[in-house]
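Here is input17.pdb, consisting of PDB, C-alpha atoms and all ligand atoms:
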ATOM      1  CA  MET M   1     114.502 103.982   6.855  1.00  0.00           C
ATOM      2  CA  SER M   2     115.724 101.692   9.658  1.00  0.00           C
ATOM      3  CA  ALA M   3     119.060 102.031  11.437  1.00  0.00           C
ATOM      4  CA  ILE M   4     120.102  98.812   9.686  1.00  0.00           C
ATOM      5  CA  ASP M   5     119.267 100.206   6.219  1.00  0.00           C
ATOM      6  CA  LEU M   6     121.035 103.434   7.075  1.00  0.00           C
ATOM      7  CA  ASN M   7     124.173 102.103   8.742  1.00  0.00           C
ATOM      8  CA  ALA M   8     124.928  98.429   8.090  1.00  0.00           C
ATOM      9  CA  ARG M   9     128.138  98.741   6.057  1.00  0.00           C
ATOM     10  CA  ALA M  10     130.964  96.441   7.127  1.00  0.00           C
ATOM     11  CA  SER M  11     134.486  97.815   6.842  1.00  0.00           C
ATOM     12  CA  ALA M  12     136.975  95.884   4.692  1.00  0.00           C
ATOM     13  CA  THR M  13     138.599  94.325   7.773  1.00  0.00           C
ATOM     14  CA  PHE M  14     135.361  93.422   9.555  1.00  0.00           C
ATOM     15  CA  ALA M  15     135.927  89.640   9.513  1.00  0.00           C
ATOM     16  CA  GLN M  16     139.328  90.117  11.138  1.00  0.00           C
ATOM     17  CA  LYS M  17     137.946  92.521  13.753  1.00  0.00           C
ATOM     18  CA  LEU M  18     135.135  90.097  14.605  1.00  0.00           C
ATOM     19  CA  ALA M  19     137.621  87.239  14.990  1.00  0.00           C
ATOM     20  CA  GLU M  20     139.767  89.410  17.322  1.00  0.00           C
ATOM     21  CA  THR M  21     136.719  90.425  19.350  1.00  0.00           C
ATOM     22  CA  GLU M  22     135.587  86.819  19.746  1.00  0.00           C
ATOM     23  CA  ALA M  23     139.097  85.711  20.721  1.00  0.00           C
ATOM     24  CA  LEU M  24     139.357  88.483  23.319  1.00  0.00           C
ATOM     25  CA  LEU M  25     135.993  87.594  24.859  1.00  0.00           C
ATOM     26  CA  LYS M  26     136.788  83.868  24.975  1.00  0.00           C
ATOM     27  CA  GLN M  27     140.185  84.517  26.548  1.00  0.00           C
ATOM     28  CA  ALA M  28     138.663  86.894  29.090  1.00  0.00           C
ATOM     29  CA  ALA M  29     135.974  84.390  30.092  1.00  0.00           C
ATOM     30  CA  GLN M  30     138.698  81.802  30.614  1.00  0.00           C
ATOM     31  CA  ASP M  31     141.146  84.069  32.470  1.00  0.00           C
ATOM     32  CA  TYR M  32     138.816  85.940  34.782  1.00  0.00           C
ATOM     33  CA  THR M  33     135.994  83.419  35.391  1.00  0.00           C
ATOM     34  CA  SER M  34     133.701  84.779  38.114  1.00  0.00           C
ATOM     35  CA  ARG M  35     135.539  88.115  38.391  1.00  0.00           C
ATOM     36  CA  ILE M  36     134.347  89.517  35.064  1.00  0.00           C
ATOM     37  CA  THR M  37     131.130  91.255  34.011  1.00  0.00           C
ATOM     38  CA  LEU M  38     129.657  92.925  30.918  1.00  0.00           C
ATOM     39  CA  ALA M  39     128.256  96.447  31.352  1.00  0.00           C
ATOM     40  CA  CYS M  40     125.212  96.653  29.105  1.00  0.00           C
ATOM     41  CA  SER M  41     123.614 100.053  28.447  1.00  0.00           C
ATOM     42  CA  LEU M  42     121.212  98.374  25.980  1.00  0.00           C
ATOM     43  CA  GLY M  43     122.698 100.525  23.193  1.00  0.00           C
ATOM     44  CA  ALA M  44     123.617  98.973  19.831  1.00  0.00           C
ATOM     45  CA  GLU M  45     127.229  98.164  20.763  1.00  0.00           C
ATOM     46  CA  ASP M  46     126.283  96.530  24.055  1.00  0.00           C
ATOM     47  CA  MET M  47     123.557  94.467  22.395  1.00  0.00           C
ATOM     48  CA  VAL M  48     126.253  93.174  20.021  1.00  0.00           C
ATOM     49  CA  LEU M  49     128.438  92.214  22.984  1.00  0.00           C
ATOM     50  CA  ALA M  50     125.535  90.560  24.823  1.00  0.00           C
ATOM     51  CA  ASP M  51     124.774  88.621  21.637  1.00  0.00           C
ATOM     52  CA  LEU M  52     128.406  87.498  21.334  1.00  0.00           C
ATOM     53  CA  VAL M  53     128.535  86.397  24.976  1.00  0.00           C
ATOM     54  CA  ASN M  54     125.362  84.361  24.478  1.00  0.00           C
ATOM     55  CA  ARG M  55     126.253  82.998  21.041  1.00  0.00           C
ATOM     56  CA  LEU M  56     129.715  81.898  22.218  1.00  0.00           C
ATOM     57  CA  GLN M  57     128.142  80.531  25.430  1.00  0.00           C
ATOM     58  CA  LEU M  58     130.622  82.371  27.598  1.00  0.00           C
ATOM     59  CA  ASP M  59     130.215  82.438  31.353  1.00  0.00           C
ATOM     60  CA  ILE M  60     130.158  86.207  31.582  1.00  0.00           C
ATOM     61  CA  PRO M  61     127.279  87.785  33.502  1.00  0.00           C
ATOM     62  CA  ILE M  62     125.651  90.967  32.222  1.00  0.00           C
ATOM     63  CA  PHE M  63     124.560  93.955  34.275  1.00  0.00           C
ATOM     64  CA  VAL M  64     122.310  96.889  33.413  1.00  0.00           C
ATOM     65  CA  LEU M  65     122.005 100.199  35.267  1.00  0.00           C
ATOM     66  CA  GLU M  66     118.299 101.042  35.381  1.00  0.00           C
ATOM     67  CA  THR M  67     118.459 104.702  36.355  1.00  0.00           C
ATOM     68  CA  GLY M  68     114.715 105.220  36.723  1.00  0.00           C
ATOM     69  CA  GLN M  69     114.877 107.645  33.779  1.00  0.00           C
ATOM     70  CA  LEU M  70     115.119 105.265  30.826  1.00  0.00           C
ATOM     71  CA  HIS M  71     112.812 105.491  27.787  1.00  0.00           C
ATOM     72  CA  PRO M  72     109.909 102.994  27.642  1.00  0.00           C
ATOM     73  CA  GLU M  73     111.570 101.518  24.522  1.00  0.00           C
ATOM     74  CA  THR M  74     114.765 100.858  26.509  1.00  0.00           C
ATOM     75  CA  LEU M  75     112.840  99.277  29.395  1.00  0.00           C
ATOM     76  CA  ALA M  76     111.000  97.007  26.950  1.00  0.00           C
ATOM     77  CA  LEU M  77     114.337  95.960  25.412  1.00  0.00           C
ATOM     78  CA  LEU M  78     115.662  95.209  28.901  1.00  0.00           C
ATOM     79  CA  GLU M  79     112.731  92.857  29.509  1.00  0.00           C
ATOM     80  CA  ARG M  80     113.365  91.102  26.188  1.00  0.00           C
ATOM     81  CA  LEU M  81     117.075  90.744  26.972  1.00  0.00           C
ATOM     82  CA  LYS M  82     116.307  89.286  30.403  1.00  0.00           C
ATOM     83  CA  ALA M  83     113.914  86.797  28.836  1.00  0.00           C
ATOM     84  CA  SER M  84     116.225  85.697  26.013  1.00  0.00           C
ATOM     85  CA  SER M  85     119.719  85.837  27.502  1.00  0.00           C
ATOM     86  CA  ARG M  86     121.561  82.652  28.414  1.00  0.00           C
ATOM     87  CA  ALA M  87     123.959  84.734  30.518  1.00  0.00           C
ATOM     88  CA  PRO M  88     122.391  86.076  33.720  1.00  0.00           C
ATOM     89  CA  VAL M  89     121.255  89.705  33.513  1.00  0.00           C
ATOM     90  CA  GLU M  90     121.384  91.634  36.773  1.00  0.00           C
ATOM     91  CA  VAL M  91     119.680  95.025  37.054  1.00  0.00           C
ATOM     92  CA  PHE M  92     121.011  97.688  39.418  1.00  0.00           C
ATOM     93  CA  THR M  93     118.806 100.617  40.435  1.00  0.00           C
ATOM     94  CA  PRO M  94     119.636 103.771  42.425  1.00  0.00           C
ATOM     95  CA  VAL M  95     119.040 104.035  46.158  1.00  0.00           C
ATOM     96  CA  ASN M  96     115.451 105.282  46.296  1.00  0.00           C
ATOM     97  CA  GLU M  97     115.974 107.598  49.304  1.00  0.00           C
ATOM     98  CA  SER M  98     118.879 109.335  47.514  1.00  0.00           C
ATOM     99  CA  VAL M  99     116.756 109.934  44.402  1.00  0.00           C
ATOM    100  CA  VAL M 100     113.768 111.215  46.389  1.00  0.00           C
ATOM    101  CA  GLU M 101     115.958 113.513  48.472  1.00  0.00           C
ATOM    102  CA  PHE M 102     117.806 114.888  45.406  1.00  0.00           C
ATOM    103  CA  VAL M 103     114.654 115.495  43.375  1.00  0.00           C
ATOM    104  CA  SER M 104     112.820 117.159  46.280  1.00  0.00           C
ATOM    105  CA  ARG M 105     115.818 119.410  46.978  1.00  0.00           C
ATOM    106  CA  GLU M 106     116.910 120.272  43.393  1.00  0.00           C
ATOM    107  CA  GLY M 107     113.806 119.560  41.288  1.00  0.00           C
ATOM    108  CA  LYS M 108     113.253 116.963  38.599  1.00  0.00           C
ATOM    109  CA  ASP M 109     114.938 119.101  35.924  1.00  0.00           C
ATOM    110  CA  ALA M 110     118.084 119.784  37.961  1.00  0.00           C
ATOM    111  CA  MET M 111     120.335 118.273  35.284  1.00  0.00           C
ATOM    112  CA  TYR M 112     119.676 121.246  32.984  1.00  0.00           C
ATOM    113  CA  GLN M 113     120.632 123.843  35.604  1.00  0.00           C
ATOM    114  CA  SER M 114     124.363 123.177  35.934  1.00  0.00           C
ATOM    115  CA  ILE M 115     127.011 120.596  35.118  1.00  0.00           C
ATOM    116  CA  ALA M 116     127.513 120.053  38.855  1.00  0.00           C
ATOM    117  CA  LEU M 117     123.842 119.149  39.347  1.00  0.00           C
ATOM    118  CA  ARG M 118     123.833 116.972  36.229  1.00  0.00           C
ATOM    119  CA  LYS M 119     126.851 115.095  37.551  1.00  0.00           C
ATOM    120  CA  ALA M 120     125.236 114.829  40.980  1.00  0.00           C
ATOM    121  CA  CYS M 121     122.215 113.185  39.313  1.00  0.00           C
ATOM    122  CA  CYS M 122     124.523 110.828  37.353  1.00  0.00           C
ATOM    123  CA  ASN M 123     126.339 110.076  40.579  1.00  0.00           C
ATOM    124  CA  ILE M 124     123.146 108.967  42.340  1.00  0.00           C
ATOM    125  CA  ARG M 125     121.509 107.201  39.411  1.00  0.00           C
ATOM    126  CA  LYS M 126     124.570 105.670  37.696  1.00  0.00           C
ATOM    127  CA  MET M 127     127.846 105.879  39.602  1.00  0.00           C
ATOM    128  CA  GLU M 128     126.683 104.546  42.968  1.00  0.00           C
ATOM    129  CA  PRO M 129     124.840 101.598  41.332  1.00  0.00           C
ATOM    130  CA  LEU M 130     127.900 101.023  39.106  1.00  0.00           C
ATOM    131  CA  GLY M 131     130.038 100.681  42.221  1.00  0.00           C
ATOM    132  CA  ARG M 132     127.712  97.935  43.470  1.00  0.00           C
ATOM    133  CA  ALA M 133     127.661  96.241  40.037  1.00  0.00           C
ATOM    134  CA  LEU M 134     131.460  96.113  39.933  1.00  0.00           C
ATOM    135  CA  ALA M 135     132.029  95.102  43.570  1.00  0.00           C
ATOM    136  CA  GLY M 136     134.099  91.923  43.652  1.00  0.00           C
ATOM    137  CA  LYS M 137     134.924  92.148  39.926  1.00  0.00           C
ATOM    138  CA  ASP M 138     138.409  92.881  38.698  1.00  0.00           C
ATOM    139  CA  THR M 139     137.516  93.120  35.006  1.00  0.00           C
ATOM    140  CA  TRP M 140     134.633  94.628  33.103  1.00  0.00           C
ATOM    141  CA  ILE M 141     133.678  94.684  29.448  1.00  0.00           C
ATOM    142  CA  THR M 142     132.294  97.775  27.727  1.00  0.00           C
ATOM    143  CA  GLY M 143     131.089  98.699  24.250  1.00  0.00           C
ATOM    144  CA  LEU M 144     133.318 101.789  23.949  1.00  0.00           C
ATOM    145  CA  ARG M 145     134.491 102.539  20.406  1.00  0.00           C
ATOM    146  CA  ARG M 146     137.194 104.994  19.349  1.00  0.00           C
ATOM    147  CA  GLU M 147     134.907 106.486  16.722  1.00  0.00           C
ATOM    148  CA  GLN M 148     132.239 107.531  19.262  1.00  0.00           C
ATOM    149  CA  SER M 149     133.824 110.834  20.309  1.00  0.00           C
ATOM    150  CA  GLY M 150     137.087 112.734  20.569  1.00  0.00           C
ATOM    151  CA  ALA M 151     137.303 111.773  24.250  1.00  0.00           C
ATOM    152  CA  ARG M 152     137.208 108.096  23.235  1.00  0.00           C
ATOM    153  CA  ALA M 153     139.619 108.305  20.273  1.00  0.00           C
ATOM    154  CA  GLU M 154     142.409 106.523  22.163  1.00  0.00           C
ATOM    155  CA  VAL M 155     140.326 103.736  23.723  1.00  0.00           C
ATOM    156  CA  PRO M 156     142.519 100.589  23.866  1.00  0.00           C
ATOM    157  CA  LEU M 157     141.268  97.021  23.448  1.00  0.00           C
ATOM    158  CA  ILE M 158     142.558  96.238  26.924  1.00  0.00           C
ATOM    159  CA  ASP M 159     142.832  99.113  29.377  1.00  0.00           C
ATOM    160  CA  ARG M 160     145.053  98.347  32.369  1.00  0.00           C
ATOM    161  CA  SER M 161     145.462 101.967  33.459  1.00  0.00           C
ATOM    162  CA  GLU M 162     143.032 101.549  36.376  1.00  0.00           C
ATOM    163  CA  PRO M 163     143.116  98.930  39.128  1.00  0.00           C
ATOM    164  CA  ARG M 164     140.109  97.259  37.478  1.00  0.00           C
ATOM    165  CA  VAL M 165     140.913  96.048  33.948  1.00  0.00           C
ATOM    166  CA  LYS M 166     138.527  97.351  31.292  1.00  0.00           C
ATOM    167  CA  LEU M 167     138.094  95.356  28.090  1.00  0.00           C
ATOM    168  CA  ASN M 168     136.772  97.231  25.052  1.00  0.00           C
ATOM    169  CA  PRO M 169     136.378  94.473  22.445  1.00  0.00           C
ATOM    170  CA  LEU M 170     134.686  96.819  19.933  1.00  0.00           C
ATOM    171  CA  ALA M 171     137.282  99.599  20.276  1.00  0.00           C
ATOM    172  CA  ASN M 172     138.179  99.560  16.586  1.00  0.00           C
ATOM    173  CA  TRP M 173     134.731  98.719  15.173  1.00  0.00           C
ATOM    174  CA  THR M 174     133.003 101.331  13.064  1.00  0.00           C
ATOM    175  CA  TRP M 175     129.320 102.213  13.429  1.00  0.00           C
ATOM    176  CA  GLY M 176     128.834 100.429  10.108  1.00  0.00           C
ATOM    177  CA  ASP M 177     130.472  97.276  11.565  1.00  0.00           C
ATOM    178  CA  VAL M 178     128.117  97.368  14.560  1.00  0.00           C
ATOM    179  CA  TRP M 179     125.037  97.519  12.361  1.00  0.00           C
ATOM    180  CA  HIS M 180     126.404  94.960   9.926  1.00  0.00           C
ATOM    181  CA  TYR M 181     126.757  92.532  12.861  1.00  0.00           C
ATOM    182  CA  ILE M 182     123.239  93.393  14.112  1.00  0.00           C
ATOM    183  CA  ALA M 183     121.751  92.764  10.660  1.00  0.00           C
ATOM    184  CA  ASP M 184     123.760  89.581  10.052  1.00  0.00           C
ATOM    185  CA  ASN M 185     122.887  88.034  13.417  1.00  0.00           C
ATOM    186  CA  LYS M 186     119.359  89.442  13.785  1.00  0.00           C
ATOM    187  CA  VAL M 187     120.272  91.084  17.076  1.00  0.00           C
ATOM    188  CA  ASP M 188     117.392  92.726  18.946  1.00  0.00           C
ATOM    189  CA  TYR M 189     117.903  96.480  19.323  1.00  0.00           C
ATOM    190  CA  ASN M 190     116.292  99.624  20.692  1.00  0.00           C
ATOM    191  CA  PRO M 191     113.765 100.998  18.149  1.00  0.00           C
ATOM    192  CA  LEU M 192     114.906 104.505  19.099  1.00  0.00           C
ATOM    193  CA  HIS M 193     117.943 103.797  16.917  1.00  0.00           C
ATOM    194  CA  ASP M 194     115.508 103.860  13.972  1.00  0.00           C
ATOM    195  CA  GLN M 195     114.509 107.396  15.021  1.00  0.00           C
ATOM    196  CA  PHE M 196     118.010 108.923  14.777  1.00  0.00           C
ATOM    197  CA  TYR M 197     119.097 108.217  18.340  1.00  0.00           C
ATOM    198  CA  PRO M 198     122.597 106.708  17.813  1.00  0.00           C
ATOM    199  CA  SER M 199     123.547 107.050  21.493  1.00  0.00           C
ATOM    200  CA  ILE M 200     120.773 106.382  24.015  1.00  0.00           C
ATOM    201  CA  GLY M 201     120.898 107.263  27.691  1.00  0.00           C
ATOM    202  CA  CYS M 202     118.321 108.602  30.134  1.00  0.00           C
ATOM    203  CA  ALA M 203     115.223 110.127  28.520  1.00  0.00           C
ATOM    204  CA  PRO M 204     115.703 113.696  29.870  1.00  0.00           C
ATOM    205  CA  CYS M 205     119.312 113.736  28.654  1.00  0.00           C
ATOM    206  CA  THR M 206     119.007 112.192  25.178  1.00  0.00           C
ATOM    207  CA  ARG M 207     117.572 113.618  21.968  1.00  0.00           C
ATOM    208  CA  ALA M 208     117.574 112.554  18.326  1.00  0.00           C
ATOM    209  CA  ILE M 209     120.337 113.978  16.129  1.00  0.00           C
ATOM    210  CA  SER M 210     120.157 115.553  12.680  1.00  0.00           C
ATOM    211  CA  LEU M 211     122.097 114.581   9.592  1.00  0.00           C
ATOM    212  CA  GLY M 212     125.720 115.714   9.948  1.00  0.00           C
ATOM    213  CA  GLU M 213     125.673 116.032  13.733  1.00  0.00           C
ATOM    214  CA  ASP M 214     128.261 114.181  15.821  1.00  0.00           C
ATOM    215  CA  PHE M 215     127.504 110.708  17.116  1.00  0.00           C
ATOM    216  CA  ARG M 216     127.046 111.880  20.706  1.00  0.00           C
ATOM    217  CA  ALA M 217     125.486 115.267  19.889  1.00  0.00           C
ATOM    218  CA  GLY M 218     122.172 114.042  21.302  1.00  0.00           C
ATOM    219  CA  ARG M 219     123.614 113.368  24.772  1.00  0.00           C
ATOM    220  CA  TRP M 220     123.616 116.316  27.253  1.00  0.00           C
ATOM    221  CA  TRP M 221     123.305 118.567  24.211  1.00  0.00           C
ATOM    222  CA  TRP M 222     123.125 121.733  26.323  1.00  0.00           C
ATOM    223  CA  GLU M 223     126.669 121.169  27.677  1.00  0.00           C
ATOM    224  CA  ASP M 224     130.135 121.722  26.202  1.00  0.00           C
ATOM    225  CA  GLU M 225     131.584 118.743  24.344  1.00  0.00           C
ATOM    226  CA  ALA M 226     134.359 118.265  26.932  1.00  0.00           C
ATOM    227  CA  ALA M 227     131.882 117.705  29.793  1.00  0.00           C
ATOM    228  CA  LYS M 228     129.881 115.026  28.009  1.00  0.00           C
ATOM    229  CA  GLU M 229     130.618 111.899  30.010  1.00  0.00           C
ATOM    230  CA  CYS M 230     128.520 110.660  32.913  1.00  0.00           C
ATOM    231  CA  GLY M 231     131.547 109.411  34.846  1.00  0.00           C
ATOM    232  CA  LEU M 232     131.254 105.751  33.915  1.00  0.00           C
ATOM    233  CA  HIS M 233     134.171 105.955  31.496  1.00  0.00           C
ATOM    234  CA  VAL M 234     136.169 108.832  32.939  1.00  0.00           C
ATOM    235  CA  LYS M 235     139.537 108.035  34.523  1.00  0.00           C
ATOM    236  CA  SER M 236     139.155 108.144  38.295  1.00  0.00           C
ATOM    237  CA  SER M 237     142.182 110.446  38.544  1.00  0.00           C
ATOM    238  CA  SER M 238     140.323 113.123  36.552  1.00  0.00           C
ATOM    239  CA  LEU M 239     137.032 112.883  38.434  1.00  0.00           C
ATOM    240  CA  PRO M 240     135.752 115.048  41.263  1.00  0.00           C
ATOM    241  CA  GLU M 241     135.803 112.961  44.414  1.00  0.00           C
ATOM    242  CA  LYS M 242     132.055 112.494  44.623  1.00  0.00           C
ATOM    243  CA  VAL M 243     131.842 111.119  41.067  1.00  0.00           C
ATOM    244  CA  SER M 244     134.854 108.851  41.195  1.00  0.00           C
ATOM    245  CA  SER M 245     133.646 106.248  43.670  1.00  0.00           C
TER     246      SER M 245
HETATM  247  S1  LIG I 301     121.927 111.005  32.262  1.00  0.00           S
HETATM  248 FE1  LIG I 301     120.575 112.667  33.004  1.00  0.00          FE
HETATM  249  S2  LIG I 301     118.818 111.702  34.055  1.00  0.00           S
HETATM  250 FE2  LIG I 301     120.443 110.137  33.716  1.00  0.00          FE
HETATM  251  S3  LIG I 301     121.527 110.080  35.613  1.00  0.00           S
HETATM  252 FE3  LIG I 301     122.654 111.514  34.300  1.00  0.00          FE
HETATM  253  S4  LIG I 301     121.731 113.563  34.672  1.00  0.00           S
HETATM  254 FE4  LIG I 301     120.388 112.034  35.598  1.00  0.00          FE
END
Could the structure of this file be written out as structure tokens, please?
Ligand code: SF4
Amino acid sequence: MSAIDLNARASATFAQKLAETEALLKQAAQDYTSRITLACSLGAEDMVLADLVNRLQLDIPIFVLETGQLHPETLALLERLKASSRAPVEVFTPVNESVVEFVSREGKDAMYQSIALRKACCNIRKMEPLGRALAGKDTWITGLRREQSGARAEVPLIDRSEPRVKLNPLANWTWGDVWHYIADNKVDYNPLHDQFYPSIGCAPCTRAISLGEDFRAGRWWWEDEAAKECGLHVKSSSLPEKVSS
């Protein structure tokens, strides 16, 4: 059974939510012009946002963090997005010397040894490239949804709590809404979603989930729930210095 068959169930207010999302994206493209960017993890939500940006012909560039640890399915989707997107897609990769030095010092499986080492890996492969992706931007768009986890339950549509404004146009979408949109608009998506991977990150840190497990149970599954963010969406005030850059 595909992820579409399993999940595509629009909520009663879907049409209204979609209209609000489109209005927010159009307004943002108009207000922030060259200072805005869409963070695309290539997950289902971000593919919806990339589709909206392209369908509405908005001048919002897209960036992808290619950590060097993505699944082949995710890399193939990245190539398809680059080939089909009207909006420019820029790929940011980690500094090679930092990766080589970290792996030779801590080993390639360091992320399983401690939360500190896992965060150090995320810092090199995600946070430092994210800093470059956001340089010169004062607004970024993400696919965060309140339903994704307890830590994200309060995600606002527009987050002005940090110096850089974060827009979360899908904040109140359900997982069913996401898949309804994907089915309705024939959006390309990662085939891993058809194999019970609702949330897809780096290959060593993502597994399929079983029926009844939480949405993000397959991410960093060996850690406590509270630690399960890579730093991308953690308030800078609550981050250790080395992760908050
Ligand atoms: S998700 Fe895992 S492999 Fe990817 S950067 Fe973080 S620790 Fe490293």
Measuring between all atoms listed in the file, which one of M:Ala10, M:Asn123, M:Thr142, M:Arg219 shows the shortest distance to Gly201 (chain M)? M:Arg219
With the file shown as input, list the residues that the PyMOL selection byres (((not hetatm)) within 8 of (chain I and resi 301)) selects, as a list in words. Thr67, Gln69, Leu70, Ala110, Met111, Leu117, Arg118, Lys119, Ala120, Cys121, Cys122, Asn123, Ile124, Arg125, Lys126, Gly201, Cys202, Ala203, Pro204, Cys205, Thr206, Trp220 and Cys230 of chain M
Non-local contacts of Tyr197 (chain M) (6 Å; all atoms listed in the file; under 3 positions in same chain excluded) as a list of chain:residue names: M:Leu192, M:His193, M:Ala208
Selection export as a compact mmCIF listing (two decimals), in the frame of the given file, atoms kept: C-alpha atoms:
# COMPACT_ATOMS: atom_id res chain seq x y z
CA LEU M 192 114.91 104.50 19.10
CA HIS M 193 117.94 103.80 16.92
CA ALA M 208 117.57 112.55 18.33
Using only C-alpha atoms, which residues sit within 6 Å of Phe63 (chain M) once same-chain residues fewer than 6 positions away are excluded, as a ChimeraX atom specification? /M:39-40,89-91
Run the PyMOL selection byres (((chain M and resi 3-8) around 9) and not hetatm) against the file shown and list the residues it catches, as a list in words.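 On this input, the PyMOL selection byres (((chain M and resi 3-8) around 9) and not hetatm) captures Met1, Ser2, Arg9, Ala10, Trp175, Gly176, Asp177, Val178, Trp179, His180, Tyr181, Ile182, Ala183, Pro191, His193, Asp194, Gln195, Phe196 and Pro198 of chain M.
With all atoms listed in the file as the atoms that count, the minimum distance from His71 (chain M) to the choices M:Trp222, M:Asn190, M:Gly212, M:Glu22 is reached by M:Asn190.
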So that I can check the surroundings of Thr139 (chain M), please list as a ChimeraX atom specification every protein, DNA and RNA residue that reaches within 7 Å of it, counting all atoms listed in the file and ignoring chain neighbours fewer than 3 positions away. /M:35-37,164-166
Quick one: which residues end up in the PyMOL selection byres (((chain M and resi 94) around 8) and not hetatm) for this structure, as a compact mmCIF listing (two decimals) with C-alpha atoms, in the frame of the given file?
# COMPACT_ATOMS: atom_id res chain seq x y z
CA GLU M 66 118.30 101.04 35.38
CA THR M 67 118.46 104.70 36.35
CA GLY M 68 114.72 105.22 36.72
CA PHE M 92 121.01 97.69 39.42
CA THR M 93 118.81 100.62 40.44
CA VAL M 95 119.04 104.04 46.16
CA ASN M 96 115.45 105.28 46.30
CA SER M 98 118.88 109.34 47.51
CA VAL M 99 116.76 109.93 44.40
CA ILE M 124 123.15 108.97 42.34
CA ARG M 125 121.51 107.20 39.41
CA LYS M 126 124.57 105.67 37.70
CA GLU M 128 126.68 104.55 42.97
CA PRO M 129 124.84 101.60 41.33
Interatomic distance between CA of Ala151 (chain M) and CA of Pro163 (chain M)? 20.5 Å
CA of Leu157 (chain M) and CA of Ala171 (chain M) are how many Å apart? 5.7 Å
Would you compute the distance between CA of Lys26 (chain M) and CA of Ile158 (chain M)? Give it in Å to one decimal.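 So the answer is 13.8 Å.
Each of M:Met127, M:Ala83, M:Ala135, M:Val103 was checked against Ser34 (chain M) using all atoms listed in the file; the smallest atom-to-atom distance is that of M:Ala135.
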